[in-house]
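J.: Sharing a structure here in structure tokens format.
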Amino acid sequence: MAGVANTWGYGAMTNSMNDIRHSKCIFMLGSNAAEAHPVAMQHILYAKEVNNAPLIVVDPRFTKLAAKATDYVRIRPGTDTAFVMGLVNEIVTNGWHDKDFIQKRVAGFPEMCEKASHYTPEVVEDITGIPASEVKRIARILATHRPGTVIWCMGATQHSIGSSNTRALCILQLVLGNMGVSGGGTNIFRGHDNVQGATDMCVLSHSLPAYYGIKDGSWKHWCRVWDVDYEWMKSRFHSKEYMNKKGFTLARWYQGVIQEDKINQYTPIKAVVFWGCASNSQSQYHKLKKALDLLDLVVIIDPFPTMTAAACAKDNVYLLPSSSQYETEGSVTSSSRQIQWRFKVVDPVHDSKDDYWIMNEMVKRFGFHDKFYKNIKKIPDDITRELCKGSLTIGYNGALPERIKKHTLNWETFDVDTLKARGGPCDGEYYGLPWPCWTETHPGTPILYDISKPVAKGGLPFRARFGTEHTYWNGRKENLLAAEGVYNPGSEVKGGYPEFKNIVPGTNWKTDLSQKTIKEAIKRGMAPFGNARARCVCWNFPDQVPVHREPLHSPRPDLVAKYPTYPDKKDQYRVYTRFKSEQRPELVKKFPYVLITGRMVEHMGGGAETRSNKYLAELKPHMYAEINVRLANNLGIRNGDMIWIESPEQGRIKVMAKVTDRVDEKTIFLPFHFGGMFMGKSLEANYPKGTEPYAIGEPANIVTNYGYDIITQIQGTKEGLCQVSKA
Amino acid sequence: MARMRFLCDIERCIDCNGCVVACKEGNGVPVGINRRRVVTINEGRPGERSLSISCMHCSNAPCIAVCPVKAIYQREDGIVLVNKDICIGCGYCFIACPFGAPQFPKGDTFGKRGVMDKCTFCAGGPAPTFSEKERRLYGQNRIAEGKVPLCAAMCSTKALLAGDGDKISQIFQERVARRGTGAKAPGWSVAY
Amino acid sequence: MKFNLTSNHLRVLLYTVFLTAAGASALAANYIILNFGNISTTQAFKAFPFLVSPKWEAYANDFIPFVHAIPGMVWPILVFIPLIFLIHFFAIGPKNFSEDGERILFYGAFTRFFHWINAILFSLIVITGLMIVFSKALGGGGLIQNARLIHLSCAYAFIVTVIPLFLVWLKDMIPMPHDVKWFLILGGYLSKKATTVPAGKFNAGQKIWFWLATVGGAVMFYTGFYLSDITSRPQSELFSLLKIHIILGLFILALFITHLYMSLFAVKGSLKSMISGFKGKEEVKCLHSKMKI
């Protein structure tokens, strides 16, 4: 998401699931929507059928999605940037790029082309294993079918160059001029129903809610929203430094306990709370387990005792049974930025309590109950109200709980194609008020950066976020605001303009809680965040233009010298993260196969819930590894045999072999939903009696490798190496 | 009179097994009994296609023809149902069925088969509509409630269609007619 | 793995899918790029029946008339064979032998014990089998389900308890040349006179009954076993098994009735001898003339 946000402003899906129905071409990279997003498939298949849109699937594995593709491209894991930049190069070389769009709304295009020119079809073939003729063919398909949409998921992001991958895909869409139009855009499918909501609330270590960051100004803004004293807030921290220092990430927090890599914090981590989080979805799980056994306190808040609970060998665990989504209510934000109200169906069953209750009791005991619930009288409506009030950056402020409920209760009045209500109580509004929803009467923004509509009716230009002018490395100076003639209908300024500030003195559109600034902008037909160009060059990233870098554990040692990874990062989210020093070209001799992980449709996340469902467990009872027929025959492995898979980090798992053509000869695929076993041993006895899941298996993440993204520190689970042997 | 039918569009079916789980959850079918299942050809290779199958509620159904006690019967709307009070569990219907639809829950003595269980089109059974007995023996009666069967209602890509045969075949025909037109039609890229 | 998949059906299906994938993949080259325009929906549709019910067209057309014909095959046996015996009983009458004089121990205690156990089990199997065949007339439901349960349980018990009897009698049941002569005169049952019949300890009729009940019984058990777990075999094979089960069953039924008639009515004292173990010397000399006393 960082890559996307740094290209044009917001790190979110630009269009919507439903809008895919208007696409003339669908390019899916590192996504297995047929298994991970089955409901989205109805829109994808609709476009494929009705628009006869080519469905191009780029994946190392012949997925169930690939079975529905018109064109399938098998790519070597971790080389997405090379392929996409190759496509960009091919498009530009042939003059298929959208010259008018680029000239008016894109910045840094010549500089980007200069870098992309390295990726000729032949170079791409060498790096990715995709024949040059195919690169040319796919580029031609993309160029001749516009507008096309680009879809990606974890397959693109979980790499050491994950943020480069996402930016390369954004650049592809910019070059094709597919942005801000219906049927185009970058549609990033999020993994759960409320991941976008969780991201917007920044349940992350580097930002306050709504992407405000953790600078002093951000803290002051939110303290104003929460109506608490900034000084009091400061006093809660160990020191002022830690108030503005990014915390540990989900991917590497356990290093704060076991300290294999040097940490930058005054103390090791002593306690951890897993609130609806499956620890077995984190890479190098055997190290995480080590951390669990060193901690003083592990709290697990979940409807099911998760793998985390079973993995703890020490008596330091507390299980708090929380309720499921049907036993509580509140707002959720979907992948398409749409907000929906989830109503309660039944009261929490058994001894479970809903999350609000648990939070309330905890806060009471921490002793700041009065401050925490100052603005919150009615749960959960007032929570939504408070967060909407503060989340001005992403325009949550118009999405009041009453409006959300009205939409949810009248969803039959909305059109499935356009998401717009036709008549009824929500006439003219878009379903779920896709953010930004600037005011209490704003209909929501179904397509980001769409300049064909007035801002008040859901249009937007690109966000002015990166200054107004930049000088590139070659000395060229460029005005970053949009060109003359690029504006939303009804705009006062008929061209680019910077963001709104000082309407209320001392504030800008993001911090003016009175919302006068935003209302003023809308009234003048302009976007509060300005009107700028989207960037092909991100000067705040280590790679200003996305370039290929070999995975840390590369199966191609010959390419490591040519495309080396980044230098080590000393303090990345409080921990030393190895890049260059971890890239060992000789590793492939001992660990010759590439390891990728992914989802299966029957299970979800860490699988605590789905593996405890007898019907789902019946459908997929076993953990397995997909192994190519040819490789299996060479190793003497037959379908259903047990095999050991070992990682360079000494992780090893014993799983069943599924001999299939889905993966190629050099690749092993593992689904990551299993838990309840650990390196060949069953942990079934560790579950509280009667709560053992029906299906248990080895967590795939025991063998996922070291490797993290340079920007976001997302784990690189889609590009490791492993060794396979018969058990 | 409407003639109830299932139709599975294999160009749409993504093998998500949503129909299978919906059926089992909704009707309380025991583990091991598959009123509906998804089969796949060419798994992992080009030409991979999946198909969700259950009882197809055939006209002139072979199961009805072979049932030695006439426990299986067809309603006027074409739905084929089994009377579990009469069924003797002989299994002839399983041999006769081209879709493997009849299912036999395992009993406890020598693995004795129980009576036959199969897709009811979510139309319950011969027991009184909405009665406890109907619910226990046959599952939901969504047809009496005016709803489509659970599997089709749940299908994420609308591959599985259920309802009046004329109507769903019309939907399917419209879908097929639309395929193969548009930008990818022959000559499109070279014309003009 | 903890979860045990109980559905044979699903297992068969999964195996089929895996095997299809594995088998066909031997042909597949190491491809990278694929284009999918060439596999038509119709083609794919045609491929599915092979997964679900292979060769259905080949057997299904025969299966339905066969199932319909079963009761029609069974009732003539139930009616006409007893009728023949009834005529025999009144026209020719049973054989009478003197029970006085020397008596010979014909069946030991061990033999008699197992004979009666098998007799009870076998009768139950035949009766419940007939109930299943005529289930429609009996109304189906719980009654027939219980009959099926008894049919199956008795079969398990029978196949075990028949072994000692089989071993004891095996030596005397080997077919001999004089058995042909026995057949030519139909065991002398068509004559009212007590002629000497060529037979060892057991006559040719008894031998046929023996082999049908033991080896035939084993075949019935084998076929019945797979028919009782229908998901174990493809449907076309199940049909073949059913055919064997029914047709062999017809013969066994016929011989079962014959055996009943012979032991209860045709030879006076026959029943008693199976209880006490002794036969009169006259009877043995006459009906089992080749037996060494």
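Lettering and numbering for the structure tokens are positional, with chains as A, B, ... in the shown order, residues counted from 1 in each chain, and ligands counted from 1 in the shown order.
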Only residues of chain B matter here; which ones have an atom within 6 Å of chain A, counting only C-alpha atoms? Give them as a PyMOL selection string.

T.: chain B and resi 14+16+44+48+156-157+178-179+182+184

J.: Residues of the last selection are to be written out with C-alpha atoms, as a CSV table (one decimal), in the first residue's frame.

T.:
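The file below, out21.csv, is the result:
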chain,number,residue,atom,x,y,z
B,14,ILE,CA,-14.5,-21.8,-9.5
B,16,CYS,CA,-15.0,-23.0,-4.1
B,44,GLY,CA,-3.8,-28.0,-12.4
B,48,GLU,CA,-9.3,-27.3,-15.8
B,156,SER,CA,-20.4,-16.8,-5.3
B,157,THR,CA,-20.1,-16.6,-9.1
B,178,ARG,CA,-22.9,-12.9,-24.9
B,179,ARG,CA,-19.7,-14.9,-24.7
B,182,GLY,CA,-17.2,-7.8,-28.1
B,184,LYS,CA,-12.2,-10.3,-28.8

J.: What is the atom CA of B:Gly139-atom CA of B:Ser50 distance in Å, reported with one decimal?

T.: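 Between atom CA of B:Gly139 and atom CA of B:Ser50 the gap works out to 26.2 Å.
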
J.: Residues at most 10 Å from C:Val180, counting only C-alpha atoms, excluding those fewer than 4 positions away in the same chain, as a list in words?

T.: Pro175, Met176, Leu184, Ile185, Leu186, Pro198, Ala199 and Ala204 of chain C

J.: Which is closer to A:His553 than all the others in A:Arg74, A:Lys590, A:Arg342, A:His470, using only C-alpha atoms?

T.: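 Closest to A:His553 of all the choices is A:Lys590.
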
J.: Measuring atom to atom with only C-alpha atoms, identify which of B:Tyr138, B:Ser169, B:Val80, B:Pro105 is nearest to B:Pro30.

T.: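 Of the candidates, the smallest distance to B:Pro30 is held by B:Pro105.
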
J.: Show me, as a compact mmCIF listing (two decimals) with N, CA and C atoms, in the first residue's frame, the residues of chain B whose atoms get within 8 Å of chain C, using only C-alpha atoms for the distance check.

T.:
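Writing the result to result-v1.txt gives the following:
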# COMPACT_ATOMS: atom_id res chain seq x y z
N ILE B 10 -20.06 -24.36 -16.17
CA ILE B 10 -18.67 -24.72 -15.84
C ILE B 10 -17.67 -23.63 -16.19
N GLU B 11 -18.10 -22.67 -16.99
CA GLU B 11 -17.19 -21.56 -17.25
C GLU B 11 -17.16 -20.59 -16.06
N VAL B 31 -21.35 -35.42 8.43
CA VAL B 31 -20.06 -35.50 7.75
C VAL B 31 -19.98 -36.83 7.00
N GLY B 32 -19.46 -36.80 5.80
CA GLY B 32 -19.35 -38.03 5.02
C GLY B 32 -20.47 -38.19 4.02
N ILE B 33 -21.53 -37.43 4.20
CA ILE B 33 -22.65 -37.50 3.25
C ILE B 33 -22.59 -36.25 2.38
N ASN B 34 -22.55 -36.47 1.08
CA ASN B 34 -22.43 -35.34 0.17
C ASN B 34 -23.64 -35.26 -0.74
N VAL B 39 -16.76 -31.57 -8.68
CA VAL B 39 -15.72 -32.40 -9.29
C VAL B 39 -14.95 -31.58 -10.31
N THR B 40 -13.70 -31.94 -10.50
CA THR B 40 -12.82 -31.16 -11.35
C THR B 40 -12.15 -32.07 -12.36
N ILE B 41 -12.07 -31.60 -13.58
CA ILE B 41 -11.28 -32.33 -14.57
C ILE B 41 -10.02 -31.55 -14.87
N ASN B 42 -9.00 -32.23 -15.32
CA ASN B 42 -7.72 -31.61 -15.70
C ASN B 42 -7.17 -30.73 -14.59
N GLU B 43 -7.22 -31.19 -13.35
CA GLU B 43 -6.80 -30.33 -12.26
C GLU B 43 -5.34 -29.89 -12.44
N GLY B 44 -5.14 -28.58 -12.35
CA GLY B 44 -3.80 -28.03 -12.43
C GLY B 44 -3.25 -27.95 -13.84
N ARG B 45 -4.07 -28.20 -14.82
CA ARG B 45 -3.59 -28.16 -16.20
C ARG B 45 -4.55 -27.34 -17.04
N PRO B 46 -4.10 -26.90 -18.21
CA PRO B 46 -5.01 -26.15 -19.07
C PRO B 46 -6.26 -26.97 -19.33
N GLY B 47 -7.38 -26.29 -19.36
CA GLY B 47 -8.63 -27.02 -19.55
C GLY B 47 -9.24 -27.45 -18.25
N ARG B 49 -11.66 -27.59 -15.46
CA ARG B 49 -13.04 -27.13 -15.31
C ARG B 49 -13.64 -27.83 -14.11
N LEU B 51 -17.29 -28.66 -11.83
CA LEU B 51 -18.73 -28.80 -11.98
C LEU B 51 -19.31 -29.20 -10.63
N PRO B 62 -33.97 -42.68 -13.31
CA PRO B 62 -33.67 -44.10 -13.15
C PRO B 62 -33.81 -44.59 -11.71
N ALA B 65 -37.20 -45.61 -11.19
CA ALA B 65 -37.48 -46.84 -11.92
C ALA B 65 -36.98 -48.07 -11.16
N VAL B 66 -35.83 -47.96 -10.49
CA VAL B 66 -35.28 -49.16 -9.87
C VAL B 66 -35.70 -49.34 -8.42
N PRO B 68 -37.14 -50.63 -5.39
CA PRO B 68 -38.00 -51.81 -5.26
C PRO B 68 -39.23 -51.56 -4.38
N VAL B 69 -39.21 -50.51 -3.58
CA VAL B 69 -40.36 -50.25 -2.71
C VAL B 69 -41.09 -48.97 -3.06
N LYS B 70 -40.70 -48.37 -4.18
CA LYS B 70 -41.32 -47.11 -4.62
C LYS B 70 -41.25 -46.04 -3.53
N LYS B 84 -38.21 -41.52 3.53
CA LYS B 84 -37.30 -42.28 4.39
C LYS B 84 -38.03 -43.29 5.27
N ASP B 85 -39.35 -43.17 5.35
CA ASP B 85 -40.10 -44.16 6.12
C ASP B 85 -40.27 -45.46 5.35
N ILE B 86 -40.16 -45.37 4.03
CA ILE B 86 -40.38 -46.56 3.21
C ILE B 86 -39.05 -47.14 2.71
N CYS B 87 -38.08 -46.27 2.47
CA CYS B 87 -36.79 -46.70 1.91
C CYS B 87 -36.21 -47.83 2.76
N ILE B 88 -35.64 -48.83 2.05
CA ILE B 88 -35.03 -49.95 2.78
C ILE B 88 -33.52 -49.92 2.70
N GLY B 89 -32.98 -48.91 2.01
CA GLY B 89 -31.53 -48.78 1.95
C GLY B 89 -30.83 -49.81 1.09
N GLY B 91 -29.79 -49.61 -2.04
CA GLY B 91 -28.69 -49.08 -2.83
C GLY B 91 -28.84 -49.22 -4.32
N PHE B 94 -28.43 -46.02 -6.11
CA PHE B 94 -27.05 -45.55 -6.27
C PHE B 94 -26.42 -46.13 -7.53
N ILE B 95 -26.73 -47.41 -7.78
CA ILE B 95 -26.18 -48.04 -8.98
C ILE B 95 -26.80 -47.43 -10.23
N ALA B 96 -28.08 -47.10 -10.14
CA ALA B 96 -28.78 -46.62 -11.32
C ALA B 96 -28.46 -45.16 -11.64
N PRO B 98 -26.77 -41.81 -12.64
CA PRO B 98 -25.56 -41.43 -13.37
C PRO B 98 -24.75 -40.35 -12.67
N PHE B 99 -25.27 -39.76 -11.61
CA PHE B 99 -24.59 -38.65 -10.96
C PHE B 99 -24.07 -39.00 -9.57
N GLY B 100 -24.24 -40.23 -9.16
CA GLY B 100 -23.78 -40.62 -7.82
C GLY B 100 -24.49 -39.85 -6.74
N THR B 109 -23.97 -51.17 12.94
CA THR B 109 -23.74 -52.60 12.92
C THR B 109 -23.19 -53.05 11.58
N PHE B 110 -22.01 -53.59 11.59
CA PHE B 110 -21.35 -54.08 10.37
C PHE B 110 -21.37 -53.02 9.26
N GLY B 111 -21.33 -51.77 9.63
CA GLY B 111 -21.39 -50.74 8.60
C GLY B 111 -22.67 -50.80 7.81
N LYS B 112 -23.72 -51.24 8.45
CA LYS B 112 -25.02 -51.32 7.77
C LYS B 112 -25.41 -49.95 7.22
N ARG B 113 -25.90 -49.97 6.02
CA ARG B 113 -26.34 -48.72 5.43
C ARG B 113 -27.66 -48.27 6.04

J.: Between chain A and chain C, at 9 Å or less, what are the per-residue closest atom pairs and their distances in Å? Count only C-alpha atoms, order by chain and rising residue number, and return it as JSON lines.

T.:
{"residue": "A:Ala67", "atom": "CA", "partner": "C:Phe36", "partner_atom": "CA", "distance": 8.6}
{"residue": "A:Lys68", "atom": "CA", "partner": "C:Phe36", "partner_atom": "CA", "distance": 8.7}
{"residue": "A:Ala69", "atom": "CA", "partner": "C:Phe36", "partner_atom": "CA", "distance": 7.3}
{"residue": "A:Thr70", "atom": "CA", "partner": "C:Phe36", "partner_atom": "CA", "distance": 5.4}
{"residue": "A:Asp71", "atom": "CA", "partner": "C:Asn35", "partner_atom": "CA", "distance": 5.3}
{"residue": "A:Tyr72", "atom": "CA", "partner": "C:Leu34", "partner_atom": "CA", "distance": 5.5}
{"residue": "A:Val73", "atom": "CA", "partner": "C:Ile33", "partner_atom": "CA", "distance": 5.2}
{"residue": "A:Arg74", "atom": "CA", "partner": "C:Ile32", "partner_atom": "CA", "distance": 5.3}
{"residue": "A:Ile75", "atom": "CA", "partner": "C:Ile32", "partner_atom": "CA", "distance": 8.1}
{"residue": "A:Gly129", "atom": "CA", "partner": "C:Ile32", "partner_atom": "CA", "distance": 8.2}
{"residue": "A:Ile130", "atom": "CA", "partner": "C:Ile32", "partner_atom": "CA", "distance": 7.1}
{"residue": "A:Pro131", "atom": "CA", "partner": "C:Ile32", "partner_atom": "CA", "distance": 8.3}
{"residue": "A:Glu134", "atom": "CA", "partner": "C:Ile33", "partner_atom": "CA", "distance": 7.6}
{"residue": "A:Ala617", "atom": "CA", "partner": "C:Phe3", "partner_atom": "CA", "distance": 7.4}
{"residue": "A:Glu618", "atom": "CA", "partner": "C:Leu5", "partner_atom": "CA", "distance": 6.4}
{"residue": "A:Leu619", "atom": "CA", "partner": "C:Leu10", "partner_atom": "CA", "distance": 8.7}
{"residue": "A:Pro621", "atom": "CA", "partner": "C:Phe3", "partner_atom": "CA", "distance": 6.0}
{"residue": "A:His622", "atom": "CA", "partner": "C:Met1", "partner_atom": "CA", "distance": 6.7}
{"residue": "A:Met623", "atom": "CA", "partner": "C:Met1", "partner_atom": "CA", "distance": 8.5}
{"residue": "A:Val629", "atom": "CA", "partner": "C:Ala22", "partner_atom": "CA", "distance": 7.0}
{"residue": "A:Arg630", "atom": "CA", "partner": "C:Ala26", "partner_atom": "CA", "distance": 8.2}
{"residue": "A:Asn639", "atom": "CA", "partner": "C:Phe18", "partner_atom": "CA", "distance": 8.1}
{"residue": "A:Lys658", "atom": "CA", "partner": "C:Phe18", "partner_atom": "CA", "distance": 8.5}
{"residue": "A:Val659", "atom": "CA", "partner": "C:Ala22", "partner_atom": "CA", "distance": 7.1}
{"residue": "A:Thr660", "atom": "CA", "partner": "C:Ala22", "partner_atom": "CA", "distance": 6.6}
{"residue": "A:Asp661", "atom": "CA", "partner": "C:Ser25", "partner_atom": "CA", "distance": 6.8}
{"residue": "A:Asp664", "atom": "CA", "partner": "C:Asn30", "partner_atom": "CA", "distance": 7.8}
{"residue": "A:Glu665", "atom": "CA", "partner": "C:Asn30", "partner_atom": "CA", "distance": 8.3}
{"residue": "A:Ser682", "atom": "CA", "partner": "C:Met1", "partner_atom": "CA", "distance": 8.5}
{"residue": "A:Glu684", "atom": "CA", "partner": "C:Lys2", "partner_atom": "CA", "distance": 8.7}
{"residue": "A:Pro693", "atom": "CA", "partner": "C:Lys2", "partner_atom": "CA", "distance": 8.6}
{"residue": "A:Tyr694", "atom": "CA", "partner": "C:Phe3", "partner_atom": "CA", "distance": 5.4}
{"residue": "A:Ala695", "atom": "CA", "partner": "C:Phe3", "partner_atom": "CA", "distance": 5.2}
{"residue": "A:Ile696", "atom": "CA", "partner": "C:Met1", "partner_atom": "CA", "distance": 6.2}
{"residue": "A:Gly697", "atom": "CA", "partner": "C:Met1", "partner_atom": "CA", "distance": 6.7}

J.: Based on DSSP run over this structure's backbone, return all residues of stretch 514-556 of chain A in helix (DSSP H, G or I), as a list in words.

T.: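 Here are the helix (DSSP H, G or I) residues of stretch 514-556 of chain A: Lys516, Thr517, Ile518, Lys519, Glu520, Ala521, Ile522 and Lys523 of chain A.
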
J.: Could you please take those selected residues and save N, CA and C atoms as a compact mmCIF listing (two decimals), in the first residue's frame?

T.:
# COMPACT_ATOMS: atom_id res chain seq x y z
N LYS A 516 -14.46 23.28 7.96
CA LYS A 516 -14.76 24.44 7.10
C LYS A 516 -13.93 24.38 5.83
N THR A 517 -12.67 23.94 5.97
CA THR A 517 -11.76 23.90 4.83
C THR A 517 -12.30 22.97 3.76
N ILE A 518 -12.70 21.78 4.21
CA ILE A 518 -13.20 20.79 3.25
C ILE A 518 -14.46 21.32 2.57
N LYS A 519 -15.36 21.88 3.37
CA LYS A 519 -16.62 22.37 2.81
C LYS A 519 -16.37 23.50 1.82
N GLU A 520 -15.40 24.34 2.16
CA GLU A 520 -15.05 25.46 1.27
C GLU A 520 -14.55 24.92 -0.07
N ALA A 521 -13.68 23.90 0.00
CA ALA A 521 -13.13 23.31 -1.22
C ALA A 521 -14.24 22.72 -2.08
N ILE A 522 -15.11 21.97 -1.45
CA ILE A 522 -16.19 21.31 -2.19
C ILE A 522 -17.08 22.38 -2.85
N LYS A 523 -17.33 23.44 -2.08
CA LYS A 523 -18.19 24.51 -2.59
C LYS A 523 -17.60 25.13 -3.85

J.: Write out as a list in words each polymer residue whose atoms come within 9 Å of C:Tyr189, counting only C-alpha atoms; drop sequence neighbours fewer than 3 positions from it.

T.: His88, Ile92, Gly93, Pro94, Lys95, Ile185, Leu186, Lys192, Lys193, Ala194 and Ala266 of chain C

J.: Give me a file of those residues, with N, CA and C atoms, as a PDB file, in the first residue's frame.

T.:
ATOM      1  N   HIS C  88     -44.676 -85.306  -6.392  1.00  0.00           N
ATOM      2  CA  HIS C  88     -43.831 -86.458  -6.080  1.00  0.00           C
ATOM      3  C   HIS C  88     -44.304 -87.151  -4.802  1.00  0.00           C
ATOM      4  N   ILE C  92     -45.488 -90.654  -5.850  1.00  0.00           N
ATOM      5  CA  ILE C  92     -44.510 -91.703  -5.572  1.00  0.00           C
ATOM      6  C   ILE C  92     -44.393 -91.972  -4.077  1.00  0.00           C
ATOM      7  N   GLY C  93     -44.388 -90.899  -3.343  1.00  0.00           N
ATOM      8  CA  GLY C  93     -44.361 -91.079  -1.897  1.00  0.00           C
ATOM      9  C   GLY C  93     -42.952 -91.157  -1.342  1.00  0.00           C
ATOM     10  N   PRO C  94     -42.847 -90.975  -0.066  1.00  0.00           N
ATOM     11  CA  PRO C  94     -41.536 -90.980   0.572  1.00  0.00           C
ATOM     12  C   PRO C  94     -40.947 -92.381   0.650  1.00  0.00           C
ATOM     13  N   LYS C  95     -39.647 -92.420   0.903  1.00  0.00           N
ATOM     14  CA  LYS C  95     -38.974 -93.708   1.081  1.00  0.00           C
ATOM     15  C   LYS C  95     -39.025 -94.096   2.539  1.00  0.00           C
ATOM     16  N   ILE C 185     -30.409 -92.167 -12.793  1.00  0.00           N
ATOM     17  CA  ILE C 185     -31.658 -92.726 -12.241  1.00  0.00           C
ATOM     18  C   ILE C 185     -32.327 -91.747 -11.282  1.00  0.00           C
ATOM     19  N   LEU C 186     -31.800 -90.510 -11.262  1.00  0.00           N
ATOM     20  CA  LEU C 186     -32.306 -89.447 -10.382  1.00  0.00           C
ATOM     21  C   LEU C 186     -32.413 -89.924  -8.941  1.00  0.00           C
ATOM     22  N   LYS C 192     -40.836 -96.427  -6.741  1.00  0.00           N
ATOM     23  CA  LYS C 192     -41.392 -96.656  -5.403  1.00  0.00           C
ATOM     24  C   LYS C 192     -40.612 -97.728  -4.669  1.00  0.00           C
ATOM     25  N   LYS C 193     -39.863 -98.545  -5.482  1.00  0.00           N
ATOM     26  CA  LYS C 193     -39.105 -99.635  -4.865  1.00  0.00           C
ATOM     27  C   LYS C 193     -37.831 -99.091  -4.234  1.00  0.00           C
ATOM     28  N   ALA C 194     -37.381 -99.762  -3.232  1.00  0.00           N
ATOM     29  CA  ALA C 194     -36.146 -99.376  -2.564  1.00  0.00           C
ATOM     30  C   ALA C 194     -34.977-100.032  -3.270  1.00  0.00           C
ATOM     31  N   ALA C 266     -39.105 -86.570   2.024  1.00  0.00           N
ATOM     32  CA  ALA C 266     -38.850 -87.610   1.032  1.00  0.00           C
ATOM     33  C   ALA C 266     -38.247 -88.876   1.629  1.00  0.00           C
TER      34      ALA C 266
END
